[in-house]
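Below is one structure; the comments refer to it alone.
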6 protein chains.
Amino acid sequence: MQTDLADLVTRALEEDVGTGDVTSAATVPETARAVATITQKAPGVVFGLDVAEAVFARLDPDAEIERLGPEGEWRESGPVLRVAGSARALLAAERTALNFLGRLSGVATLTARCVQAIEGTGAKVLDTRKTTPGLRALEKAAVRAGGGVNHRGSLSDFVLVKDNHLAGLTIAEAVRRAMMRWPGRTVEVECENLEQVHEAIGAGATMLLLDNKTPEKVAEAVGMIRGRAVVEVSGGITLDNAGAYAAAGADLISSGLITNSAPNLDIGLDLE
Amino acid sequence: MQTDLADLVTRALEEDVGTGDVTSAATVPETARAVATITQKAPGVVFGLDVAEAVFARLDPDAEIERLGPEGEWRESGPVLRVAGSARALLAAERTALNFLGRLSGVATLTARCVQAIEGTGAKVLDTRKTTPGLRALEKAAVRAGGGVNHRGSLSDFVLVKDNHLAGLTIAEAVRRAMMRWPGRTVEVECENLEQVHEAIGAGATMLLLDNKTPEKVAEAVGMIRGRAVVEVSGGITLDNAGAYAAAGADLISSGLITNSAPNLDIGLDLE
Amino acid sequence: MQTDLADLVTRALEEDVGTGDVTSAATVPETARAVATITQKAPGVVFGLDVAEAVFARLDPDAEIERLGPEGEWRESGPVLRVAGSARALLAAERTALNFLGRLSGVATLTARCVQAIEGTGAKVLDTRKTTPGLRALEKAAVRAGGGVNHRGSLSDFVLVKDNHLAGLTIAEAVRRAMMRWPGRTVEVECENLEQVHEAIGAGATMLLLDNKTPEKVAEAVGMIRGRAVVEVSGGITLDNAGAYAAAGADLISSGLITNSAPNLDIGLDLE
Amino acid sequence: MQTDLADLVTRALEEDVGTGDVTSAATVPETARAVATITQKAPGVVFGLDVAEAVFARLDPDAEIERLGPEGEWRESGPVLRVAGSARALLAAERTALNFLGRLSGVATLTARCVQAIEGTGAKVLDTRKTTPGLRALEKAAVRAGGGVNHRGSLSDFVLVKDNHLAGLTIAEAVRRAMMRWPGRTVEVECENLEQVHEAIGAGATMLLLDNKTPEKVAEAVGMIRGRAVVEVSGGITLDNAGAYAAAGADLISSGLITNSAPNLDIGLDLE
Amino acid sequence: MQTDLADLVTRALEEDVGTGDVTSAATVPETARAVATITQKAPGVVFGLDVAEAVFARLDPDAEIERLGPEGEWRESGPVLRVAGSARALLAAERTALNFLGRLSGVATLTARCVQAIEGTGAKVLDTRKTTPGLRALEKAAVRAGGGVNHRGSLSDFVLVKDNHLAGLTIAEAVRRAMMRWPGRTVEVECENLEQVHEAIGAGATMLLLDNKTPEKVAEAVGMIRGRAVVEVSGGITLDNAGAYAAAGADLISSGLITNSAPNLDIGLDLE
Amino acid sequence: MQTDLADLVTRALEEDVGTGDVTSAATVPETARAVATITQKAPGVVFGLDVAEAVFARLDPDAEIERLGPEGEWRESGPVLRVAGSARALLAAERTALNFLGRLSGVATLTARCVQAIEGTGAKVLDTRKTTPGLRALEKAAVRAGGGVNHRGSLSDFVLVKDNHLAGLTIAEAVRRAMMRWPGRTVEVECENLEQVHEAIGAGATMLLLDNKTPEKVAEAVGMIRGRAVVEVSGGITLDNAGAYAAAGADLISSGLITNSAPNLDIGLDLE
């Protein structure tokens, strides 16, 4: 439910269409109709069909749109969408629709690979705020489509105390202030060592972030926390080491790469 | 010169800040001041300092901003920006500034790697319209910062006739129509084979696109074209094979990956 | 930090100024200058000076603005702002500035009255999402200025399970689903009776909402909860009964009236 | 006919929904459907159903909406709207729809009470520009729904000369300048005493404002004006004294309270 | 005081600059500076310097801008503005600045010619709502700069009853309804003949519109009206016949041509 | 395909409707229905029906709209559009719809007159960037409807080197830089004399602009160019001399007057 999806689509189309598609204007009759098929061409998880559909509908409100394949499921390849409508509209919408689809499916796919890497451990893949400016809500939905879960949507969701917030404050003081100021909200604390873990839990934090620690250090902390707080690990997580962190007992494995470094999924459009 | 940079920054901040940074509100005094240093942490080309500066200035119009390193140059690592201002503003702006910087520098860096791969051949690295929705102008500037050149900014820049435009038209007819309709504008034609190359040039096209051809096929076409048109190759270009295409005589090596699959460059912020 | 404050001010001015102030255009010379003093005329808490200043600065960027009184403090009356600038700009900005100031100060004032009504109990006055469309962030800041604390800023901040979410779900199931889907986030549950309180706490909820209960019922629930969750009461809270709810042990007394039914604080502008 | 109603609804929803309703996402199936009934729970005049309907339609374009009760009529209580649609959409739209409805109905209701207070006198209840920033047009429509009439919609509607416009000008000069500059437009003048009344009428003013005068003073002025201008009284008007001003012969009784200090009308939503 | 001037300038620049000025980017160094002089090249009244200045300042906030000639005065030719700043910014802003200036000066100039045509008669030149979509406020200001006066800025300013509003209503009824509904506002009535003039005045109308009448008919109506209402004539007014209508006693000569058919005033920019 | 047409229509209506049509509100029942017929009243080419329809549909989404005449064809007069719907909506939409239609049809009509003036010569009428701020895309479409062709839509379409770009650069250098920087794009060069023509063609320019030259000079240049570049003439083109320039061999006759000085075409609306 992204209330400004229409604006996003408008801006993306303005950017790509400019003052008009000069090629189609010269070569494609205004009344010509065509059918476009969008196809997943590489293994992964498709996501973003709502946006792609909105792009086509924006340029041809009477286009007939049919889904040919699933969203949010791992698949080797196959057709995903069929759009019948004005040929000029399909050609003008093509690149914008594919740009959205490719990126969002790329995020869903890399997330799914991460999820697979920690399968069976009970841990979850968590995203971050390292998203593309302007696409936050869509990329977070793509993470969910890939099987991940979402950390904060914005700085206003809940409290996360990091080192930078502790100028002249102890962790315990910071946690107490946050609980006073925002009663009831989750307070997460980034901890550098076991003393800080102890202090944070003692002050009432219910979520802890362990950043750039080895799996061994994480296991040690988890043993001390004994379920009194949700444990998130971050920093240098890759497909190769995610399993070790999960095995160390972390509840949440968070990764900025799944949103800011996912290669596009190869998705193409063919016109009949 | 992106006239709506201010809007872009506003939207990105609204997305990330939401109704307010609950953590800073609870832990950082409203009048506290701090100094942030932004540092490039991995080899590559930094780009996007204008946007990053606009993000900080948006939340603290009185912030003092100083550049510590170059934009648009390959570097191993080092400081790039120093911002002194309201501590709350710096903390709230951090993630948005880094999200812009990381992505744009990622694009510039991958472009630079491509440019390096074809160094000495006289060919140029060309971008595509496969950009992030909403960031077209910035990503195209990042490509230039990395040493690449820009293809069409939008569908209205010039004419590019592809297979999809040829329903019932010959290439020659399409070129002539385009030249009639948009006198003076570049007409580029995607060619599948040498006959089409011949036909396109004969009709007046001054730029040709060879998509998904082997370097050998490209060399054959280049030999036949003999400088009468600019030759662009695309499709499956990688850092490994770009050199072969350039050596085959293509003028422009175009790649969607440099804008839609570039991993973020690692850039961080430290607060004093 | 409301990133779109400028837009809000623009819209408010467009609404009030229309195509121009026909009266000033006819009677006040374009170059005339004047000094406006804004004065609090009734007891209460002034809030919204940032917005008022932005309104004046929007119509006269060179206006000189000086604060004459405090924000966020209870006061009987007195001057709050002095603005020297273009006479036409001051006249055109007057009503919009006062409309913002009057409403926000009204919210801060009614909140302060509520806070006073429960003074000494350790409970806090909590706002709701019953705010004026378009003014959410400002009204929540006014609540804080009046001594209250903020509940969710939006539906995305944290989880609050109400009766309407329980179609075919037990409370325990709902809480578990929420914790799976949004790991780490606060889960609050509205409880109708002691069994539901028991079930919610058992499932992991850390915040409970008791709606439309008598102070006696609240005291009973608080006794059973024994600090294992934060207790919010709502429904029919007035200045008269707030104290009784606080005395019953509720941590948070929430009231929609402080944002949606606060009379404007009387604030006026005089021109020299 | 508020051309930007769609924008207003979008902004209000963005504010309330944020990046998504985390509670419904976790507990309500995406395909679940529900029926919401909106009910007036206290005596008054309901207004704002168009906006409420637009809110629901914005989140579920296929929702079926049915009016169950009248707008613009005094009623003790009763159902007003029935909406059948996506359960998640209904839950996400609920608060925003009620926030609009509650406020606008509050304005209509307080206006109606004022109208009742001067019933039988021939005078009318007039609003002011003391409206909520962003809601001017809707609140003025609510005033009409409550039986009141509208003063200027904005500063550009017609001329109203107040003390602040008279730096170095006599009333007669100001009126003449306004009539020259904006030929044909109403010129209203705020008058402090009978001499000013005399001067304003003599110069051609057709509407007079008497601010903060006793009913006796108003009666005296009305006797002197003898129908040559429309008489508006303002300042300190309450439900208690409005009748006295009307009886004194004022044509228009204007009140800022009906728009800036009206308590919300209690309106609720139940889900089946 | 056009609160959204910044938006207007932004949209105009986006439209003209697109994704960037490809010519300057290739030929003008980023740091080059230049001085532009804007010159009026044909007789007329220059207007729109505020907008032109805003265009330059938008692309180079540090540009130094100096006025070299007057606005709102008839002149044969001469310099009007000098801008020193970034050469690229000046080149990118040139066309947009001139497009605004040329049109607004064209409107001011044609208005001034009309004013001249009725000089000495006491009548005034009045504009209409026949303005360029998006430029209403600016074009109405240009009319004033040319010596004309403004009719309604929008449909909400005051009442103008035309034939189309009289389905089943007499003129007298329409006037009375308008006065009831919008007490105090000007009510103007379009009259087809002397009977309607009589009826409108009798009902309280204070402004009359005589459309498509001969000067003789106008004189006859004016004689009957005897100053009891302001008289506006419209329809087929030209520079040639405007004087005859003014001589016939009309107070206001209204013309759509001055805003919708004014040729641009020739204004050019030279770069040093 | 103007993606932001909806925004344009919204802004135009907000500007014209203000806070509401006070006349219709007082005189036309809310449920009244009417039929409007829009008629071309003078010879010319009608254009802009899409926009006019969007204006009516914006205020009455259920209006029934029927085209009664052709767009883009020269015609003496006749009906063009019939709209049946809410009487209030038709009255409120009338002026905005006609303002769009009148201007766009004026542009199409003047273009058609120009086209007629050079009929049989093989030359084409070309527009410029001298368009109304905010209406660029629509006015360029109107030019096409009148039989003209479009020059650059914006500064980003292709390269046009003028005198102002040559500070310290030869034409040959400027052309080469442009071709390096924007490979494949058209490079047009403004030439003052035959030497410059020679230099520009030699460097690779494919389009030449001859500004403010006599037809004789143009013929001389055309003779020298011998088809190696497209020739555009501009500057002082009128209906009277356009034929001479075309006869001199220019390919494109460009004129700013067709967009910035076209009188509105007389188009009216009648209500049944």
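Labeling convention for the structure tokens: chains A, B, ... as they appear, residues from 1 per chain, ligands from 1 in order of appearance.
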
Proximal residues of chain E relative to chain A (only C-alpha atoms; 9 Å) as a PDB file with C-alpha atoms, in the first residue's frame:
```
ATOM      1  CA  GLU E  15      10.586  21.561 -19.773  1.00  0.00           C
ATOM      2  CA  GLY E  18      15.336  18.367 -20.152  1.00  0.00           C
ATOM      3  CA  THR E  19      18.103  16.119 -18.895  1.00  0.00           C
TER       4      THR E  19
END
```

For this session: Excluding region 184-200 of chain D and residues on its chain fewer than 6 positions from it, collect all residues at most 7 Å away from it, counting only C-alpha atoms, and give them as number ranges by chain.
Result: D: 158-162, 171-172, 175, 206-210, 221; E: 184-186, 207, 230

For this session: Compile the contact shell of region 119-124 of chain B as a VMD selection string: residues with an atom at most 7 Å away, counting only C-alpha atoms, same-chain residues fewer than 3 positions apart removed.
Result: chain B and resid 115 to 116 148 to 149 246 to 247 250 to 253

For this session: Work out how far apart CA of Ile237 (chain F) and CA of Ile201 (chain F) are and give it in Å to one decimal.
Result: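 Atom-to-atom, CA of Ile237 (chain F) to CA of Ile201 (chain F), that is 24.7 Å.
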
For this session: Using only C-alpha atoms, determine which residues lie at most 7 Å from Thr109 (chain A), disregarding the query and same-chain residues fewer than 4 positions distant; provide the list as an MDAnalysis selection string.
Result: chainID A and resid 44:45 105 113 146

For this session: Taking the DSSP assignment computed from this structure's backbone, write out as a ChimeraX atom specification all residues of region 15-252 of chain D that belong to helix (DSSP H, G or I).
Result: /D:15-17,22-27,49-59,87-117,136-145,163-165,171-181,194-203,215-225,242-247

Take the residues just selected and output them with C-alpha atoms as a compact mmCIF listing (two decimals), in the first residue's frame.
```
# COMPACT_ATOMS: atom_id res chain seq x y z
CA GLU D 15 0.88 10.78 6.82
CA ASP D 16 -1.17 8.11 8.52
CA VAL D 17 -0.12 4.97 6.68
CA VAL D 22 2.44 -3.26 9.98
CA THR D 23 -0.39 -4.65 12.08
CA SER D 24 -2.69 -5.62 9.24
CA ALA D 25 0.23 -6.93 7.22
CA ALA D 26 0.89 -9.42 9.99
CA THR D 27 -2.64 -10.37 10.97
CA LEU D 49 -18.89 12.18 3.31
CA ASP D 50 -17.34 13.00 -0.09
CA VAL D 51 -13.91 13.15 1.49
CA ALA D 52 -14.44 10.05 3.57
CA GLU D 53 -15.54 8.18 0.47
CA ALA D 54 -12.48 9.41 -1.43
CA VAL D 55 -10.24 8.08 1.34
CA PHE D 56 -11.70 4.60 1.11
CA ALA D 57 -11.74 4.65 -2.69
CA ARG D 58 -8.09 5.74 -2.70
CA LEU D 59 -7.00 2.56 -0.93
CA ALA D 87 -10.21 -5.58 4.94
CA ARG D 88 -6.67 -4.19 4.90
CA ALA D 89 -7.77 -1.14 2.95
CA LEU D 90 -10.66 -0.46 5.32
CA LEU D 91 -8.38 -0.70 8.34
CA ALA D 92 -5.77 1.55 6.78
CA ALA D 93 -8.34 4.13 5.69
CA GLU D 94 -10.35 4.17 8.92
CA ARG D 95 -8.47 6.78 10.95
CA THR D 96 -7.96 9.21 8.07
CA ALA D 97 -11.60 9.01 7.02
CA LEU D 98 -12.75 9.57 10.60
CA ASN D 99 -10.31 12.42 11.14
CA PHE D 100 -11.80 14.27 8.18
CA LEU D 101 -15.38 13.42 9.07
CA GLY D 102 -15.03 14.25 12.74
CA ARG D 103 -13.54 17.66 12.18
CA LEU D 104 -15.83 18.72 9.34
CA SER D 105 -18.88 17.50 11.19
CA GLY D 106 -17.66 19.35 14.27
CA VAL D 107 -17.55 22.57 12.26
CA ALA D 108 -20.99 21.97 10.77
CA THR D 109 -22.40 21.17 14.18
CA LEU D 110 -21.07 24.26 15.95
CA THR D 111 -22.25 26.40 13.04
CA ALA D 112 -25.71 24.88 13.34
CA ARG D 113 -25.81 25.69 17.05
CA CYS D 114 -24.94 29.29 16.21
CA VAL D 115 -27.59 29.43 13.53
CA GLN D 116 -30.11 28.14 16.04
CA ALA D 117 -29.07 30.82 18.52
CA ARG D 136 -10.04 26.06 4.06
CA ALA D 137 -12.40 24.99 1.28
CA LEU D 138 -13.69 21.96 3.16
CA GLU D 139 -14.30 23.86 6.38
CA LYS D 140 -16.12 26.61 4.50
CA ALA D 141 -18.33 23.96 2.91
CA ALA D 142 -18.95 22.55 6.38
CA VAL D 143 -20.09 25.99 7.53
CA ARG D 144 -22.60 26.05 4.68
CA ALA D 145 -23.72 22.55 5.59
CA ASP D 163 -7.09 49.80 10.62
CA ASN D 164 -3.80 48.28 9.48
CA HIS D 165 -4.39 49.52 5.94
CA ILE D 171 -11.05 55.76 5.15
CA ALA D 172 -12.53 57.71 2.29
CA GLU D 173 -9.24 57.71 0.41
CA ALA D 174 -8.74 54.00 1.00
CA VAL D 175 -12.22 53.20 -0.29
CA ARG D 176 -11.72 55.32 -3.38
CA ARG D 177 -8.36 53.75 -4.14
CA ALA D 178 -9.81 50.28 -3.78
CA MET D 179 -12.70 51.13 -6.09
CA MET D 180 -10.28 52.50 -8.68
CA ARG D 181 -7.94 49.56 -8.45
CA LEU D 194 -20.15 56.39 13.81
CA GLU D 195 -17.95 58.95 12.08
CA GLN D 196 -16.11 56.19 10.33
CA VAL D 197 -19.39 54.55 9.38
CA HIS D 198 -20.50 57.81 7.88
CA GLU D 199 -17.22 58.28 6.02
CA ALA D 200 -17.13 54.74 4.64
CA ILE D 201 -20.68 54.84 3.30
CA GLY D 202 -20.10 58.24 1.85
CA ALA D 203 -17.09 56.97 -0.06
CA PRO D 215 -25.04 45.14 20.95
CA GLU D 216 -26.14 48.65 21.91
CA LYS D 217 -23.41 50.27 19.82
CA VAL D 218 -24.30 47.97 16.96
CA ALA D 219 -27.96 48.97 17.18
CA GLU D 220 -26.98 52.61 17.09
CA ALA D 221 -24.84 52.11 13.99
CA VAL D 222 -27.52 50.06 12.25
CA GLY D 223 -29.97 52.87 12.87
CA MET D 224 -27.65 55.31 11.20
CA ILE D 225 -26.77 53.05 8.26
CA ALA D 242 -25.14 35.98 19.26
CA GLY D 243 -28.88 36.51 19.62
CA ALA D 244 -28.42 39.97 21.11
CA TYR D 245 -26.23 41.06 18.18
CA ALA D 246 -28.72 39.69 15.71
CA ALA D 247 -31.54 41.47 17.51
```
